[in-house]
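To be precise, the following lines are model-v8.cif, and they hold mmCIF, C-alpha atoms.
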data_start
#
loop_
_atom_site.label_atom_id
_atom_site.label_comp_id
_atom_site.auth_asym_id
_atom_site.auth_seq_id
_atom_site.Cartn_x
_atom_site.Cartn_y
_atom_site.Cartn_z
CA ASN A 254 18.72 12.92 33.11
CA ALA A 255 18.22 9.31 34.14
CA GLY A 256 14.42 9.56 34.39
CA VAL A 257 13.00 6.26 35.69
CA THR A 258 15.52 3.54 36.44
CA GLN A 259 14.54 -0.08 36.98
CA THR A 260 16.72 -2.91 38.24
CA PRO A 261 17.32 -5.64 37.35
CA LYS A 262 16.67 -5.75 33.60
CA PHE A 263 16.34 -9.52 33.52
CA GLN A 264 15.65 -12.11 36.22
CA VAL A 265 14.93 -15.82 36.31
CA LEU A 266 13.34 -17.27 39.44
CA LYS A 267 12.24 -20.69 40.53
CA THR A 268 8.69 -21.17 41.78
CA GLY A 269 8.46 -20.13 45.41
CA GLN A 270 11.48 -17.82 45.41
CA SER A 271 11.13 -14.21 46.43
CA MET A 272 12.58 -11.07 44.96
CA THR A 273 12.21 -7.30 44.90
CA LEU A 274 12.10 -5.19 41.77
CA GLN A 275 13.59 -1.77 42.30
CA CYS A 276 12.45 1.49 40.76
CA ALA A 277 13.79 5.00 41.25
CA GLN A 278 12.97 8.32 39.59
CA ASP A 279 14.90 11.56 39.72
CA MET A 280 12.16 13.91 38.50
CA ASN A 281 10.69 14.73 41.93
CA HIS A 282 7.33 13.19 40.99
CA ASN A 283 4.83 12.33 43.70
CA SER A 284 2.95 9.53 41.91
CA MET A 285 4.51 6.24 40.89
CA TYR A 286 3.12 3.08 39.32
CA TRP A 287 3.89 -0.60 38.72
CA TYR A 288 2.49 -2.33 35.63
CA ARG A 289 2.90 -5.79 34.19
CA GLN A 290 2.73 -6.70 30.52
CA ASP A 291 2.21 -10.27 29.43
CA PRO A 292 3.27 -11.33 25.92
CA GLY A 293 1.08 -9.72 23.27
CA MET A 294 -1.01 -7.97 25.89
CA GLY A 295 -1.48 -4.44 27.12
CA LEU A 296 -0.31 -3.07 30.44
CA ARG A 297 -2.15 -3.95 33.62
CA LEU A 298 -1.80 -1.86 36.76
CA ILE A 299 -0.52 -3.75 39.80
CA TYR A 300 -0.10 -1.03 42.43
CA TYR A 301 0.31 2.69 42.52
CA SER A 302 1.43 5.31 44.98
CA ALA A 303 -0.10 8.74 44.81
CA SER A 304 2.46 10.18 47.21
CA GLU A 305 5.20 9.19 49.60
CA GLY A 306 3.80 6.98 52.32
CA THR A 307 0.67 5.89 50.45
CA THR A 308 0.01 2.90 48.21
CA ASP A 309 -3.12 1.51 46.60
CA LYS A 310 -4.08 -1.62 44.68
CA GLY A 311 -4.58 -1.58 40.95
CA GLU A 312 -6.19 -4.17 38.68
CA VAL A 313 -3.98 -7.18 39.50
CA PRO A 314 -2.42 -6.82 42.99
CA ASN A 315 -2.61 -10.43 44.14
CA GLY A 316 0.79 -11.99 44.78
CA TYR A 317 2.58 -8.65 45.07
CA ASN A 318 3.52 -6.16 47.74
CA VAL A 319 4.93 -2.67 47.32
CA SER A 320 6.90 -0.19 49.36
CA ARG A 321 7.17 3.52 48.74
CA LEU A 322 10.47 3.92 50.53
CA ASN A 323 10.75 7.64 49.89
CA LYS A 324 9.75 10.05 47.17
CA ARG A 325 12.29 8.63 44.73
CA GLU A 326 11.87 4.91 45.22
CA PHE A 327 8.96 2.51 44.73
CA SER A 328 9.71 -1.21 44.99
CA LEU A 329 7.66 -4.25 44.01
CA ARG A 330 8.09 -7.51 45.91
CA LEU A 331 7.12 -11.03 44.94
CA GLU A 332 7.03 -13.04 48.17
CA SER A 333 6.54 -16.47 46.55
CA ALA A 334 6.94 -16.33 42.80
CA ALA A 335 4.60 -18.34 40.57
CA PRO A 336 4.87 -19.14 36.84
CA SER A 337 1.80 -16.93 36.27
CA GLN A 338 3.94 -13.97 37.30
CA THR A 339 6.22 -14.42 34.29
CA SER A 340 5.93 -11.05 32.60
CA VAL A 341 7.63 -7.77 31.81
CA TYR A 342 7.30 -5.30 34.66
CA PHE A 343 7.29 -1.55 34.09
CA CYS A 344 7.62 1.18 36.64
CA ALA A 345 6.41 4.68 35.87
CA SER A 346 6.19 8.07 37.50
CA LEU A 347 3.68 10.82 36.76
CA ASP A 348 4.31 14.46 36.10
CA VAL A 349 0.98 15.61 37.49
CA PRO A 350 0.89 19.18 36.14
CA MET A 351 1.68 17.94 32.61
CA GLY A 352 -0.24 14.70 33.00
CA LYS A 353 2.66 12.75 31.51
CA LEU A 354 3.77 9.31 32.57
CA PHE A 355 7.45 8.46 32.31
CA PHE A 356 8.28 4.77 32.07
CA GLY A 357 11.36 2.78 32.89
CA SER A 358 12.82 0.31 30.42
CA GLY A 359 11.27 -2.68 32.15
CA THR A 360 12.27 -5.85 33.96
CA GLN A 361 11.80 -9.13 32.14
CA LEU A 362 10.95 -11.77 34.75
CA SER A 363 10.68 -15.49 34.13
CA VAL A 364 9.43 -17.85 36.82
CA LEU A 365 10.17 -21.50 36.16
CA ASP B 1311 -13.18 4.34 36.00
CA ALA B 1312 -13.80 5.35 32.43
CA LYS B 1313 -12.26 2.96 29.92
CA THR B 1314 -11.38 3.19 26.24
CA THR B 1315 -11.92 0.98 23.19
CA GLN B 1316 -9.45 0.77 20.31
CA PRO B 1317 -9.07 -1.50 17.26
CA ASN B 1318 -6.57 -4.27 17.85
CA SER B 1319 -4.51 -3.51 14.77
CA MET B 1320 -4.14 -1.17 11.81
CA GLU B 1321 -1.87 -0.93 8.80
CA SER B 1322 -0.57 2.05 6.92
CA ASN B 1323 1.71 2.66 4.00
CA GLU B 1324 4.87 4.57 4.66
CA GLU B 1325 4.62 8.34 4.21
CA GLU B 1326 0.81 8.29 4.28
CA PRO B 1327 -1.34 9.75 7.08
CA VAL B 1328 -2.64 7.44 9.78
CA HIS B 1329 -5.80 7.97 11.82
CA LEU B 1330 -5.97 5.90 14.99
CA PRO B 1331 -9.43 5.93 16.59
CA CYS B 1332 -10.41 5.63 20.25
CA ASN B 1333 -13.86 5.40 21.79
CA HIS B 1334 -14.47 6.60 25.33
CA SER B 1335 -18.23 6.84 25.63
CA THR B 1336 -18.22 7.04 29.46
CA ILE B 1337 -15.73 9.88 29.67
CA SER B 1338 -16.44 12.45 32.35
CA GLY B 1339 -16.14 16.19 31.94
CA THR B 1340 -12.84 16.34 33.81
CA ASP B 1341 -11.09 13.42 32.07
CA TYR B 1342 -8.11 14.22 29.91
CA ILE B 1343 -7.47 12.02 26.86
CA HIS B 1344 -3.89 10.80 26.67
CA TRP B 1345 -2.05 8.85 23.99
CA TYR B 1346 1.08 6.80 24.49
CA ARG B 1347 3.00 4.52 22.19
CA GLN B 1348 5.21 1.55 22.86
CA LEU B 1349 7.99 0.73 20.48
CA PRO B 1350 9.22 -2.89 20.41
CA SER B 1351 11.07 -3.91 23.57
CA GLN B 1352 10.65 -0.49 25.19
CA GLY B 1353 8.45 1.10 27.81
CA PRO B 1354 5.57 3.29 26.62
CA GLU B 1355 6.29 6.91 25.81
CA TYR B 1356 3.98 9.91 25.90
CA VAL B 1357 2.65 11.16 22.58
CA ILE B 1358 -0.01 13.80 23.20
CA HIS B 1359 -2.98 14.71 25.36
CA GLY B 1360 -5.99 17.00 25.31
CA LEU B 1361 -9.21 17.89 27.07
CA THR B 1362 -11.66 19.44 24.60
CA SER B 1363 -9.82 21.21 21.80
CA ASN B 1364 -7.72 19.60 19.09
CA VAL B 1365 -4.01 19.54 19.90
CA ASN B 1366 -0.85 19.45 17.81
CA ASN B 1367 2.74 18.73 18.70
CA ARG B 1368 5.85 17.63 16.85
CA MET B 1369 4.87 13.98 17.06
CA ALA B 1370 1.18 13.97 16.19
CA SER B 1371 -2.21 15.66 16.25
CA LEU B 1372 -5.16 14.81 18.46
CA ALA B 1373 -8.67 15.37 17.20
CA ILE B 1374 -11.39 15.24 19.86
CA ALA B 1375 -15.05 14.82 18.96
CA GLU B 1376 -17.39 17.58 20.00
CA ASP B 1377 -19.19 15.29 22.48
CA ARG B 1378 -15.77 13.97 23.66
CA LYS B 1379 -16.93 10.37 23.34
CA SER B 1380 -14.24 9.60 20.80
CA SER B 1381 -10.89 10.88 19.67
CA THR B 1382 -8.42 10.26 16.86
CA LEU B 1383 -4.64 10.30 16.93
CA ILE B 1384 -3.28 11.52 13.62
CA LEU B 1385 0.21 10.75 12.39
CA HIS B 1386 0.63 13.02 9.39
CA ARG B 1387 3.25 10.94 7.55
CA ALA B 1388 3.86 7.47 8.86
CA THR B 1389 7.44 6.28 8.98
CA LEU B 1390 8.80 2.84 9.75
CA ARG B 1391 9.81 4.17 13.16
CA ASP B 1392 6.14 4.80 13.94
CA ALA B 1393 5.42 1.07 14.00
CA ALA B 1394 4.33 0.55 17.60
CA VAL B 1395 1.39 -0.17 19.87
CA TYR B 1396 -0.63 3.00 20.51
CA TYR B 1397 -2.60 3.35 23.73
CA CYS B 1398 -5.46 5.75 24.41
CA ILE B 1399 -6.13 6.30 28.11
CA LEU B 1400 -8.17 8.66 30.26
CA ARG B 1401 -6.83 10.59 33.20
CA GLY B 1402 -9.25 12.10 35.68
CA VAL B 1403 -8.02 15.43 36.96
CA PHE B 1404 -9.94 15.21 40.20
CA THR B 1405 -9.57 11.49 40.77
CA GLY B 1406 -7.79 11.42 44.08
CA ALA B 1407 -5.93 8.22 43.36
CA ASN B 1408 -4.77 9.19 39.89
CA ASN B 1409 -4.87 5.57 38.83
CA LEU B 1410 -4.27 5.11 35.13
CA PHE B 1411 -5.45 2.11 33.14
CA PHE B 1412 -4.03 0.96 29.81
CA GLY B 1413 -5.96 -1.39 27.53
CA THR B 1414 -4.48 -3.54 24.80
CA GLY B 1415 -4.00 -0.63 22.41
CA THR B 1416 -3.75 -0.60 18.61
CA ARG B 1417 -0.78 -2.26 16.95
CA LEU B 1418 0.24 -0.11 13.98
CA THR B 1419 2.12 -1.78 11.14
CA VAL B 1420 3.80 0.51 8.64
CA ILE B 1421 4.32 -0.99 5.21
CA PRO B 1422 7.37 0.21 3.26
#
Would you mind giving the structure from this file in structure tokens?
Amino acid sequence: NAGVTQTPKFQVLKTGQSMTLQCAQDMNHNSMYWYRQDPGMGLRLIYYSASEGTTDKGEVPNGYNVSRLNKREFSLRLESAAPSQTSVYFCASLDVPMGKLFFGSGTQLSVL
Amino acid sequence: DAKTTQPNSMESNEEEPVHLPCNHSTISGTDYIHWYRQLPSQGPEYVIHGLTSNVNNRMASLAIAEDRKSSTLILHRATLRDAAVYYCILRGVFTGANNLFFGTGTRLTVIP
């Protein structure tokens, strides 16, 4: 099983450029999440989606937009990248009955 | 949302037991206690969770205080592969949004 797949794995952007981070899960989970992790820090929640068609802000939503395209896919968009958005981004989906989060392998983003 | 407090770092000798503490003094009666760990350069992975009773699985044991305001993750024999950051988080069963917050966790160093 693929689980949670994130693309790309690495990305370098210039300040002001835009890009979309892709996330897909094949476990039929309703809830999906986007986190960011700065060097030496814990994970901070950016946005989450409790079900297809719904999204909500987390702790640090500024500068980001999300789209829950369908049950499988949850994308994160940076409209105008800033150096402060340099981070590792993790997508996750939640097995609600078991209460278990499944994480992707992350996207390392550098904004110059 | 209820939050957790963990020590920033701990050390253990290889093949000795490790007790990782977590305080969650504002936990509600319907919050589950979850533990995840993050190995270097990977996304977090689920370790164990519980509500009131102590729990055991192949990876670890979870001891929950009687008043549920604290819990302890127990690794019975630490190995070098257990060196990771361990996160204690709370998940509200009846929280409609199911938003999940990670703190900075405890960085466990295993000494050979």
Practice prompt. Might you spell out which residues the PyMOL selection byres ((chain B and resi 1318) around 6) would select in the displayed file, as an NGL selection string?
Written response: :B and (1317 or 1319 or 1416)
Item to complete: Given the file shown, determine the residues that the PyMOL selection byres ((chain B and resi 1399) around 7) selects; report them as a list in words.
Response: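 That expression, the PyMOL selection byres ((chain B and resi 1399) around 7), corresponds here to Thr1314, Ile1343, His1344, Trp1345, Tyr1397, Cys1398, Leu1400, Arg1401, Phe1411 and Phe1412 of chain B.
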Discussion item. When you count all atoms listed in the file, which of these residues is closest to chain B: A:Ala277, A:Val257, A:Met272, A:Leu298?
Written reply: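 Closest to chain B, using all atoms listed in the file: A:Leu298.
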Item to complete: Would you work out the distance separating atom CA of A:Gln338 from atom CA of A:Val313, expressed in Å to one decimal?
Response: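 Those two atoms sit 10.7 Å apart.
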Fill in: Option closest in space to B:Arg1387, from B:Thr1362, B:Val1357, B:Asp1341, B:Arg1368 [counting all atoms listed in the file]
B:Arg1368
Complete the atom set of stretch 1374-1396 of chain B to N, CA and C atoms and return it as a short mmCIF file (atom, residue, chain, number, x, y, z; two decimals), keeping the file's coordinate frame.
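The result, stored in part17.cif:
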data_model
loop_
_atom_site.label_atom_id
_atom_site.label_comp_id
_atom_site.auth_asym_id
_atom_site.auth_seq_id
_atom_site.Cartn_x
_atom_site.Cartn_y
_atom_site.Cartn_z
N ILE B 1374 -10.42 15.66 18.85
CA ILE B 1374 -11.39 15.24 19.86
C ILE B 1374 -12.79 15.57 19.37
N ALA B 1375 -13.68 14.60 19.40
CA ALA B 1375 -15.05 14.82 18.96
C ALA B 1375 -15.73 15.85 19.84
N GLU B 1376 -16.72 16.50 19.27
CA GLU B 1376 -17.39 17.58 20.00
C GLU B 1376 -18.04 17.07 21.28
N ASP B 1377 -18.58 15.85 21.27
CA ASP B 1377 -19.19 15.29 22.48
C ASP B 1377 -18.17 14.58 23.36
N ARG B 1378 -16.92 14.55 22.94
CA ARG B 1378 -15.77 13.97 23.66
C ARG B 1378 -15.89 12.48 23.85
N LYS B 1379 -16.80 11.81 23.17
CA LYS B 1379 -16.93 10.37 23.34
C LYS B 1379 -15.99 9.59 22.44
N SER B 1380 -15.26 10.27 21.62
CA SER B 1380 -14.24 9.60 20.80
C SER B 1380 -13.13 10.59 20.46
N SER B 1381 -12.00 10.04 20.09
CA SER B 1381 -10.89 10.88 19.67
C SER B 1381 -10.08 10.12 18.62
N THR B 1382 -9.24 10.86 17.91
CA THR B 1382 -8.42 10.26 16.86
C THR B 1382 -7.01 10.81 16.95
N LEU B 1383 -6.04 9.90 17.00
CA LEU B 1383 -4.64 10.30 16.93
C LEU B 1383 -4.24 10.30 15.46
N ILE B 1384 -3.65 11.39 15.03
CA ILE B 1384 -3.28 11.52 13.62
C ILE B 1384 -1.76 11.62 13.49
N LEU B 1385 -1.20 10.67 12.77
CA LEU B 1385 0.21 10.75 12.39
C LEU B 1385 0.21 11.23 10.95
N HIS B 1386 0.82 12.37 10.69
CA HIS B 1386 0.63 13.02 9.39
C HIS B 1386 1.36 12.29 8.26
N ARG B 1387 2.51 11.73 8.56
CA ARG B 1387 3.25 10.94 7.55
C ARG B 1387 3.91 9.79 8.27
N ALA B 1388 3.33 8.62 8.14
CA ALA B 1388 3.86 7.47 8.86
C ALA B 1388 5.24 7.09 8.36
N THR B 1389 6.12 6.81 9.31
CA THR B 1389 7.44 6.28 8.98
C THR B 1389 7.57 4.90 9.61
N LEU B 1390 8.60 4.18 9.20
CA LEU B 1390 8.80 2.84 9.75
C LEU B 1390 9.03 2.90 11.25
N ARG B 1391 9.57 4.02 11.72
CA ARG B 1391 9.81 4.17 13.16
C ARG B 1391 8.53 4.38 13.95
N ASP B 1392 7.42 4.64 13.26
CA ASP B 1392 6.14 4.80 13.94
C ASP B 1392 5.44 3.48 14.21
N ALA B 1393 5.99 2.38 13.73
CA ALA B 1393 5.42 1.07 14.00
C ALA B 1393 5.53 0.78 15.50
N ALA B 1394 4.37 0.65 16.14
CA ALA B 1394 4.33 0.55 17.60
C ALA B 1394 2.91 0.18 18.01
N VAL B 1395 2.73 -0.03 19.31
CA VAL B 1395 1.39 -0.17 19.87
C VAL B 1395 1.00 1.18 20.46
N TYR B 1396 -0.16 1.69 20.07
CA TYR B 1396 -0.63 3.00 20.51
C TYR B 1396 -1.77 2.81 21.51
#
